[in-house]
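Trainee: Take this structure, written in structure tokens, and hold onto it; I'll ask about it next.
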Amino acid sequence: YQKAKGTKMPGTMVHDSITSMCERAMRFILVNNNSLRREIVMNKSTNLKSFIPDNWDAYKAEMGQVMNILNRTLELGCDLICCFHERAEEAPGSTIKDPKYTGRLSVHPPRAAELLPGFNEFWRMKPNDQGVYKVQVKPNYEFVGATCLNLDSEEEPDITKMIQKHKSNKK
């Protein structure tokens, strides 16, 4: 609406967090699609219900909804930053009763990983042992980082300084 009116748009938009966006999208889908949900009655006297996904289509609809939001943001012509939560990557054969992990990190929820190819930068904010935060921009065994910028593997968490460093290193 603002773009159509010719109103100045922000140069950067941030979606924080993708986990919360996924949860909201799933709620919307389950409330509006009887065929994608199971109902659990929480309180019979008040008819309080909770909805849970009934099949894989609910998850695909959720990711479609989130992708639609991200694509609409990109169509505004601004830079897009998305914050993903992380979790330990589950290994093949992992179950709820017998969890197994690879030692690497993945995004949460795991299905949100299908959103990652849409981004040219994939960074991780992490604290060191003293609680000082660093931004990891390049991959290692634990994290599959990616950057188009000419930076070190870890940087101070200041995007303005990171861009300046890229420009300096590029010369």
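Chain labels run A, B, ... following the order of the structure tokens; each chain numbers its residues from 1, and ligands are numbered from 1 in the order shown.
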Given only C-alpha atoms, how would the per-residue table for stretch 64-159 of chain A near stretch 5-22 of chain A read, listing every residue at most 7 Å away with its closest atom pair and distance in Å to one decimal, sorted by chain and number, as JSON lines?
Mentor:
```
{"residue": "A:Val66", "atom": "CA", "partner": "A:Cys22", "partner_atom": "CA", "distance": 6.5}
{"residue": "A:Cys78", "atom": "CA", "partner": "A:Gly11", "partner_atom": "CA", "distance": 5.0}
{"residue": "A:Asp79", "atom": "CA", "partner": "A:Thr12", "partner_atom": "CA", "distance": 4.5}
{"residue": "A:Leu80", "atom": "CA", "partner": "A:Met13", "partner_atom": "CA", "distance": 5.1}
{"residue": "A:Ile81", "atom": "CA", "partner": "A:Val14", "partner_atom": "CA", "distance": 4.6}
{"residue": "A:Cys82", "atom": "CA", "partner": "A:His15", "partner_atom": "CA", "distance": 4.8}
{"residue": "A:Cys83", "atom": "CA", "partner": "A:Ser17", "partner_atom": "CA", "distance": 5.0}
{"residue": "A:Phe84", "atom": "CA", "partner": "A:Ile18", "partner_atom": "CA", "distance": 5.3}
{"residue": "A:His85", "atom": "CA", "partner": "A:Thr19", "partner_atom": "CA", "distance": 6.5}
{"residue": "A:His108", "atom": "CA", "partner": "A:Thr19", "partner_atom": "CA", "distance": 6.3}
{"residue": "A:Pro109", "atom": "CA", "partner": "A:Thr19", "partner_atom": "CA", "distance": 6.4}
```
Trainee: Excluding same-chain residues fewer than 3 positions from stretch 50-58 of chain A, what lies within 8 Å of it counting only C-alpha atoms, as a list in words?
Mentor: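 Listed by chain and then number, they are Met26, Ile29, Leu30, Val31, Ser35, Leu36, Arg37, Arg38, Glu39, Ile40, Val41, Met42, Ala61 and Glu62 of chain A.
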Trainee: Let me see the file: selected residues, N, CA and C atoms, as a PDB file, in the first residue's frame.
Mentor:
```
ATOM      1  N   MET A  26       1.054 -21.534  10.906  1.00  0.00           N
ATOM      2  CA  MET A  26       0.406 -22.818  11.184  1.00  0.00           C
ATOM      3  C   MET A  26      -0.920 -22.616  11.904  1.00  0.00           C
ATOM      4  N   ILE A  29      -3.482 -21.517   9.385  1.00  0.00           N
ATOM      5  CA  ILE A  29      -3.863 -22.625   8.503  1.00  0.00           C
ATOM      6  C   ILE A  29      -4.775 -23.612   9.216  1.00  0.00           C
ATOM      7  N   LEU A  30      -4.450 -23.957  10.447  1.00  0.00           N
ATOM      8  CA  LEU A  30      -5.251 -24.942  11.176  1.00  0.00           C
ATOM      9  C   LEU A  30      -6.632 -24.406  11.543  1.00  0.00           C
ATOM     10  N   VAL A  31      -6.732 -23.136  11.874  1.00  0.00           N
ATOM     11  CA  VAL A  31      -8.025 -22.548  12.222  1.00  0.00           C
ATOM     12  C   VAL A  31      -8.930 -22.483  10.993  1.00  0.00           C
ATOM     13  N   SER A  35      -9.682 -29.744   6.965  1.00  0.00           N
ATOM     14  CA  SER A  35      -9.105 -30.973   6.416  1.00  0.00           C
ATOM     15  C   SER A  35      -7.628 -31.150   6.762  1.00  0.00           C
ATOM     16  N   LEU A  36      -6.989 -30.125   7.296  1.00  0.00           N
ATOM     17  CA  LEU A  36      -5.561 -30.210   7.616  1.00  0.00           C
ATOM     18  C   LEU A  36      -5.298 -30.366   9.106  1.00  0.00           C
ATOM     19  N   ARG A  37      -6.333 -30.556   9.897  1.00  0.00           N
ATOM     20  CA  ARG A  37      -6.148 -30.552  11.350  1.00  0.00           C
ATOM     21  C   ARG A  37      -6.911 -31.663  12.052  1.00  0.00           C
ATOM     22  N   ARG A  38      -6.445 -31.922  13.260  1.00  0.00           N
ATOM     23  CA  ARG A  38      -7.193 -32.739  14.223  1.00  0.00           C
ATOM     24  C   ARG A  38      -7.554 -31.809  15.361  1.00  0.00           C
ATOM     25  N   GLU A  39      -8.713 -32.039  15.937  1.00  0.00           N
ATOM     26  CA  GLU A  39      -9.163 -31.232  17.071  1.00  0.00           C
ATOM     27  C   GLU A  39      -9.019 -32.033  18.347  1.00  0.00           C
ATOM     28  N   ILE A  40      -8.487 -31.397  19.371  1.00  0.00           N
ATOM     29  CA  ILE A  40      -8.399 -32.007  20.688  1.00  0.00           C
ATOM     30  C   ILE A  40      -9.198 -31.124  21.626  1.00  0.00           C
ATOM     31  N   VAL A  41     -10.193 -31.697  22.278  1.00  0.00           N
ATOM     32  CA  VAL A  41     -11.015 -30.936  23.214  1.00  0.00           C
ATOM     33  C   VAL A  41     -10.253 -30.873  24.531  1.00  0.00           C
ATOM     34  N   MET A  42      -9.937 -29.655  24.948  1.00  0.00           N
ATOM     35  CA  MET A  42      -9.173 -29.435  26.168  1.00  0.00           C
ATOM     36  C   MET A  42     -10.091 -29.384  27.399  1.00  0.00           C
ATOM     37  N   ALA A  61       1.628 -26.239   3.603  1.00  0.00           N
ATOM     38  CA  ALA A  61       0.849 -25.002   3.557  1.00  0.00           C
ATOM     39  C   ALA A  61       1.500 -23.925   4.424  1.00  0.00           C
ATOM     40  N   GLU A  62       2.009 -24.319   5.582  1.00  0.00           N
ATOM     41  CA  GLU A  62       2.707 -23.380   6.466  1.00  0.00           C
ATOM     42  C   GLU A  62       3.913 -22.766   5.758  1.00  0.00           C
TER      43      GLU A  62
END
```
Trainee: Out of stretch 27-169 of chain A, which residues get strand (DSSP E or B) from DSSP, as number ranges by chain?
Mentor: A: 37-43, 48-53, 79-83, 85-90, 101-108, 122, 124-127, 133-136, 146, 154-155
Trainee: Could the residues in this selection be saved with C-alpha atoms as a tab-separated table (two decimals), in the first residue's frame?
Mentor:
```
chain	number	residue	atom	x	y	z
A	37	ARG	CA	-6.15	-30.55	11.35
A	38	ARG	CA	-7.19	-32.74	14.22
A	39	GLU	CA	-9.16	-31.23	17.07
A	40	ILE	CA	-8.40	-32.01	20.69
A	41	VAL	CA	-11.01	-30.94	23.21
A	42	MET	CA	-9.17	-29.44	26.17
A	43	ASN	CA	-12.23	-28.69	28.29
A	48	LEU	CA	-12.07	-25.33	24.53
A	49	LYS	CA	-10.21	-26.93	21.61
A	50	SER	CA	-6.67	-27.17	20.39
A	51	PHE	CA	-5.79	-27.90	16.77
A	52	ILE	CA	-2.82	-29.97	15.64
A	53	PRO	CA	-1.66	-30.76	12.09
A	79	ASP	CA	16.92	-5.49	1.91
A	80	LEU	CA	15.49	-8.37	3.91
A	81	ILE	CA	16.99	-9.77	7.12
A	82	CYS	CA	15.43	-12.86	8.71
A	83	CYS	CA	16.33	-14.29	12.09
A	85	HIS	CA	16.46	-19.97	15.64
A	86	GLU	CA	18.87	-22.89	15.71
A	87	ARG	CA	18.80	-26.39	17.13
A	88	ALA	CA	20.93	-29.50	17.11
A	89	GLU	CA	20.62	-31.34	13.79
A	90	GLU	CA	19.02	-34.75	14.20
A	101	TYR	CA	22.41	-35.88	16.69
A	102	THR	CA	25.05	-35.13	14.06
A	103	GLY	CA	27.01	-32.50	16.02
A	104	ARG	CA	25.93	-29.83	13.54
A	105	LEU	CA	23.32	-27.10	13.81
A	106	SER	CA	20.15	-26.64	11.79
A	107	VAL	CA	17.32	-24.15	11.82
A	108	HIS	CA	14.20	-24.47	13.93
A	122	PHE	CA	23.63	-16.98	6.02
A	124	ARG	CA	25.24	-17.14	12.86
A	125	MET	CA	25.37	-14.89	15.91
A	126	LYS	CA	27.09	-16.70	18.75
A	127	PRO	CA	28.66	-15.86	22.10
A	133	TYR	CA	29.08	-12.11	20.61
A	134	LYS	CA	30.63	-12.76	17.20
A	135	VAL	CA	29.05	-13.21	13.79
A	136	GLN	CA	30.13	-16.37	12.00
A	146	ALA	CA	27.53	-18.46	3.56
A	154	GLU	CA	34.08	-14.33	12.35
A	155	GLU	CA	33.29	-10.65	12.67
```
Trainee: So what do you get for atom CA of A:Phe143 versus atom CA of A:Pro117, distance-wise?
Mentor: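 Distance between the two atoms: 15.0 Å.
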Trainee: Go ahead and compute the interatomic distance for atom CA of A:Asn150 and atom CA of A:Asp129, in Å to one decimal.
Mentor: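 So the two atoms, atom CA of A:Asn150 and atom CA of A:Asp129, lie 26.2 Å apart.
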